[in-house]
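Structure first, commentary second.
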Amino acid sequence: MPVKLILLLIISALPCSRSESSAEEIRFSRDVLPILSDRCFHCHGPDESHREADLRLDLKENAFADRGGYAVIVPHKISESELMTRITTDDETLLMPPQDSHRKPLTDAEVMILRKWIEGGAHWGKHWAYEKPIRPVIPDRAQHPIDYFVTTRLKKAGLSLSSPADKRTLLRRVCFDLTGLPPTSEQAQKFLSDTSADAYEQLVERLLASDHYGERMAMWWLDAARYSDTDGFQQDATRTNWPWRDWVIHEFNNNQPFNKFIREQFAGDLLPNASDEQILATSFHRQHMTNGEGGRDPEESRIDYVIDRVNTTGTVLLGLTLGCAQCHSHKFDPITQEDYYSLFAFFNNIDEDGSAGRKAKPYLEYSSPYVDRAVTEAEQLVEFRAKKVDSVKKKAEQEFAVWLDQRVQQTEKEYQGWTIIQPGRLESVAGTVLDHVGDGIVQTSGPLPRQDDYLVFVNHGHTRITGIRLEIFPHDSHTSEKYTRGENGEFILTDIKLQVHQKGRSQLQDIQITNAIADVEPPTKGRQYGLIKDTLDDDPRNGWTTAGIEEIVPHTAVFELGDPLFLEQGEELVVVLLHRSTEGNANIGRFRVSVTDQPGQAVRSLEPMPLEKLALAEVNSSAEVNSELRSELFAQFLVDHIEFQVVNTALEQAKNQLVQVKKASGKLNVMVLSEKAEKRETHILERGVWDNKGKVVSADVPSAILSLSSENELSRLDLANWIVSPENPLTSRVISNHLWQLCFGAGLVRTPDDFGLQGEFPTHPDLLDWLALELVESDWNLKHLLKQIVTSQTYRQSSNVSKELYELDPENRIFARAARFRLPSWMIRDAALLSSGLLNPAIGGPPVMPYQPEGVWKEMFMGRFVYESSQGPAQFRRTIYAFWRRSAAPTFLFDSAQRRVCEVGRRLTNTPLHALTLLNDQTQLEASRELAQCIMKDSVSVEHQINQLFQRVLTRSPTAEEQAILIREFERTTVFYAKHPDDAKRLLNFGQPENQDDSQYVEQAALMVIASLIFNLDEAISHE
């Protein structure tokens, strides 16, 4: 058949292709209504505030009414229909839509549709989505229902389904779609070797019964629910709503009927004798962002929360853009502003006051059943790492004996651990004059700015710096002979920075300061000036002061560097003292800076350093050193012992993790719904402004969708029952469309958040109705409907596509092939963990912190939040358990929902940044290293190793050409690392210490590179 003829046939089959419709094919909801909605409803639709000429074209009686001798539409009579006159006239003053309406003129094809519709009698109807689904008749009972609808459509285009996908491709496809994971070796072997007729159906049943099914489905629902572990906005405080996430996983795994699933999330607290889990379910409507910014009226925030619940309900369950009716009646859909605020009334009586953070009531005190496993896991990790520390510590004791002998002989009696800095040059940002008056002391004079930064440049002779000491002196030139020339003589140091400057260059390198202590700190409450630690957070609203301390004496602060600083030739040290307090006039008047090369307790205390104590002890041999001093010196020695520091740091991280996990084991405050005792009055908010109250309304639903009558006042439970009523024309269609989208990458309605008049018409409307009714009549059984989808031949066909077919149907709207698209990034990460053997399959529990680049949080939160990657098995949990901060979502997720508002559309991306991440992300690299280690244990020849890599990642063996390429690259990489063994060791030296084994570092590094290459293949990251 000629390509052009096929193209014409396909175009005629597409429901959105109106140009080929004949008179008898014209359908109001499919062909006519979209034109009226797009071109006419803006001025002649539901929104009374923009309505022109008192004309509504969304209502039949108004469109057909006699308007004083003429009518807009007269059935069968083109010449008497004013609509046709206005859309075809050459008079620009009469043409509709007018030029200033910003609406495109009608095309010739659209004019022809309206002409044929009127000639055919102008039969009216509802928008398709507002009509109750009717189960279509399927004449061929032997054929799968889904295939019947798809093949019927294909036959009209002269096409048929593609050939079935091979078993391996189908296996990977259905595993990803139902569990979000690739098949395990055991799953692959069982299915690929099973030749029974129902092998595939049995596989589907096993996948649906897997606990990973619930995790996969929950990832969809959490995006829609805008789930996050933080509040959002500037404060972005941490919350503990994660038990609701685990409830969602549990309910999906238990295959709870979807109507009950929704009922409990909307009104679990209103059910008779509601259990804690039913109340927990209502956290769905508390997952919205909460705003705790100062100066904002809490009532405005509360209104925003209620609006969010209405809009979320519309998006995820009704497929309606309800938010368009917040300020005025919807311009296209039959949702009035009163309808909007009637829905608003259902959520307006929640016992909340607009607060955020820890005051965001109502709460449910809840203990998670999933925490004990996490505590046990964390305890075992601490125990394991503690044994490693003890082992290394014993080994270090022998080295310490030699070191101590040397120190006893080399330490002079006059030893001083601190070296006073002699400033090279002094600068201030706001004009304060800084003078070096001797002995390292700097005195200020001249202008007295409200705020200022001091910069002390030092050409320091020491090659190693571990800490800084700041001394602040009173002086008789200061106010009241105190510490500054300011109004009250008190200083406020808001921050301190240490930088390295390369002479001849403008760039400055910031050096991390991890700890600070001071000789005195006044008592503080909340965010006040006083604490020395607050000089490390870049926040001018806090910092160190000694105001309130009566005794006027010199004061001292010591700052510990994160790592020893080694200055190179041509580098100079820059010490920056920042005085940016909101009070002002508190700039230090006289100070001195010293540095030291001593580590550990030497820079964590104001007491004499261990070596200073050794000098004062005047001993002649290490045997004369008393046990207390010996312990202090050993502790300092260990600070510079690299092997000990590596294992001890790992232990401390594990201990910190255990502390956090144990905190989660108690009662948690989970944000839930509960009714306020005294009923709030609900008003229409004029123009959507929170405090511009209009007409009073009561809780009700949009009658244009489905009316709801009751003698009693309606509740959230009534709303939930209305949403999942079999009579509701939207919910079952919308959810069925979501499930189709999960499996095919796009829904039958390509606008999953908009089933209204501005949304797309279904590619297969009868199929959508069949799915919707199948869902309802199966007692809202999601597993049943998913099984129907994935067992169809439509789903099981090959995704291979010819050039001709791709040109005809690039978006795969008629499903003549299976869908092929980039896997979501969370699946790619989870797949790498599973393939490598790293995946921790545990279900539920506190959030975990996957690897991410250093500093992502630091710049955003000024030290308020510190990101510490999870340790041990917790690092390798599935992505659904990753801690999600709204202002800085997990960095490896390029295509995820933002979790700020409800999102139901797929975000597909092929950004180059994704490729960069797959090559360099620590999780991907650790998976590559672990996979290489596993393969080396089980395989000897490189050919067998590469075959095993392919099997683990791609569930197949390489072709001869692929194997030849990979062997070549393996040999090249092996040669390189054999010549550069230190590079090999550096490549392998990262991640969890339990997973590091560089005994065969050259071969392992080379094989890790090959594993990474395979993980990055298009086949590995695609839904085939």
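Please note that chains go A, B, ... in the order of the structure tokens, that every chain numbers its residues from 1, and that ligands are numbered from 1 in the order shown.
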
For the interface of stretch 117-187 of chain A with stretch 73-78 of chain A (cut-off 7 Å, counting only C-alpha atoms), please tabulate each contacting residue of stretch 117-187 of chain A alongside its nearest pair of atoms and their separation in Å to one decimal, rows sorted by chain and increasing number, as JSON lines.
```
{"residue": "A:Ile118", "atom": "CA", "partner": "A:Pro75", "partner_atom": "CA", "distance": 5.2}
{"residue": "A:Glu119", "atom": "CA", "partner": "A:His76", "partner_atom": "CA", "distance": 4.1}
{"residue": "A:Gly120", "atom": "CA", "partner": "A:His76", "partner_atom": "CA", "distance": 5.9}
{"residue": "A:Gly121", "atom": "CA", "partner": "A:Pro75", "partner_atom": "CA", "distance": 4.5}
{"residue": "A:Ala122", "atom": "CA", "partner": "A:Pro75", "partner_atom": "CA", "distance": 5.1}
```

Generate a file of the selected residues that holds all heavy atoms, formatted as a PDB file, in the first residue's frame.
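What landed in result_13.pdb:
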```
ATOM      1  N   ILE A 118     -24.146  21.627  11.582  1.00  0.00           N
ATOM      2  CA  ILE A 118     -25.425  22.347  11.545  1.00  0.00           C
ATOM      3  C   ILE A 118     -26.324  21.752  10.463  1.00  0.00           C
ATOM      4  O   ILE A 118     -27.532  21.542  10.674  1.00  0.00           O
ATOM      5  CB  ILE A 118     -25.189  23.853  11.302  1.00  0.00           C
ATOM      6  CG1 ILE A 118     -24.467  24.470  12.509  1.00  0.00           C
ATOM      7  CG2 ILE A 118     -26.508  24.578  11.041  1.00  0.00           C
ATOM      8  CD1 ILE A 118     -24.060  25.912  12.318  1.00  0.00           C
ATOM      9  N   GLU A 119     -25.741  21.440   9.309  1.00  0.00           N
ATOM     10  CA  GLU A 119     -26.534  20.834   8.235  1.00  0.00           C
ATOM     11  C   GLU A 119     -27.134  19.504   8.673  1.00  0.00           C
ATOM     12  O   GLU A 119     -28.251  19.145   8.306  1.00  0.00           O
ATOM     13  CB  GLU A 119     -25.648  20.620   6.997  1.00  0.00           C
ATOM     14  CG  GLU A 119     -25.306  21.893   6.247  1.00  0.00           C
ATOM     15  CD  GLU A 119     -24.355  21.627   5.082  1.00  0.00           C
ATOM     16  OE1 GLU A 119     -23.720  20.539   5.088  1.00  0.00           O
ATOM     17  OE2 GLU A 119     -24.231  22.494   4.197  1.00  0.00           O
ATOM     18  N   GLY A 120     -26.392  18.776   9.514  1.00  0.00           N
ATOM     19  CA  GLY A 120     -26.860  17.477   9.979  1.00  0.00           C
ATOM     20  C   GLY A 120     -27.833  17.558  11.135  1.00  0.00           C
ATOM     21  O   GLY A 120     -28.240  16.518  11.667  1.00  0.00           O
ATOM     22  N   GLY A 121     -28.183  18.744  11.577  1.00  0.00           N
ATOM     23  CA  GLY A 121     -29.164  18.892  12.649  1.00  0.00           C
ATOM     24  C   GLY A 121     -28.606  19.463  13.933  1.00  0.00           C
ATOM     25  O   GLY A 121     -29.338  19.639  14.905  1.00  0.00           O
ATOM     26  N   ALA A 122     -27.333  19.762  13.970  1.00  0.00           N
ATOM     27  CA  ALA A 122     -26.711  20.375  15.153  1.00  0.00           C
ATOM     28  C   ALA A 122     -27.043  19.611  16.424  1.00  0.00           C
ATOM     29  O   ALA A 122     -27.474  20.170  17.423  1.00  0.00           O
ATOM     30  CB  ALA A 122     -27.124  21.851  15.282  1.00  0.00           C
TER      31      ALA A 122
END
```

Practice task
Select from stretch 776-850 of chain A everything DSSP, run on the backbone, classes as helix (DSSP H, G or I), then give the selection as a ChimeraX atom specification.
Solution key: /A:776-777,782-790,793-796,803-808,825-836

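Of the listed residues (A:Tyr483, A:Leu706, A:Thr312, A:Thr463), A:Leu706 comes nearest to A:Asn721; the distances count only C-alpha atoms.
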
Practice task
Mind listing the strand (DSSP E) residues of stretch 180-398 of chain A, per DSSP on the backbone, as a list in words?
Solution key: Tyr363, Leu364, Glu365 and Tyr366 of chain A

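Proximity to A:Gly589 was assessed for A:Lys116, A:His475, A:Arg239, A:Lys190 counting only C-alpha atoms; the smallest distance is recorded for A:His475.
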
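When only C-alpha atoms are used to measure the gap to A:Leu57, the shortest distance among A:Phe332, A:Ile303, A:Val942, A:Gly747 belongs to A:Phe332.
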
Please identify every residue of stretch 818-934 of chain A that has at least one atom no farther than 9 Å from an atom of stretch 344-368 of chain A, counting only C-alpha atoms, and for each give the shortest atom pair and the distance in Å to one decimal, arranged by chain then increasing number, as a tab-separated table.
```
residue	atom	partner	partner_atom	distance
A:Gly844	CA	A:Ser368	CA	8.9
A:Gly845	CA	A:Ser368	CA	7.4
A:Pro846	CA	A:Ser368	CA	8.9
```

Just the selected residues (N, CA, C and O atoms), exported as a CSV table (one decimal), in the first residue's frame, please.
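What ended up in again.csv:
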```csv
chain,number,residue,atom,x,y,z
A,844,GLY,N,9.9,-0.1,53.8
A,844,GLY,CA,9.5,0.8,54.8
A,844,GLY,C,10.6,1.3,55.7
A,844,GLY,O,11.7,0.8,55.6
A,845,GLY,N,10.3,2.3,56.5
A,845,GLY,CA,11.3,2.8,57.5
A,845,GLY,C,11.6,4.2,57.2
A,845,GLY,O,11.1,4.9,56.3
A,846,PRO,N,12.5,4.8,58.1
A,846,PRO,CA,12.9,6.2,57.9
A,846,PRO,C,13.5,6.5,56.6
A,846,PRO,O,14.1,5.6,56.0
```

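Nearest-residue note for A:Ile421: choosing from A:Ser594, A:Val603, A:Glu383, A:Lys388, the minimum distance belongs to A:Ser594, counting only C-alpha atoms.
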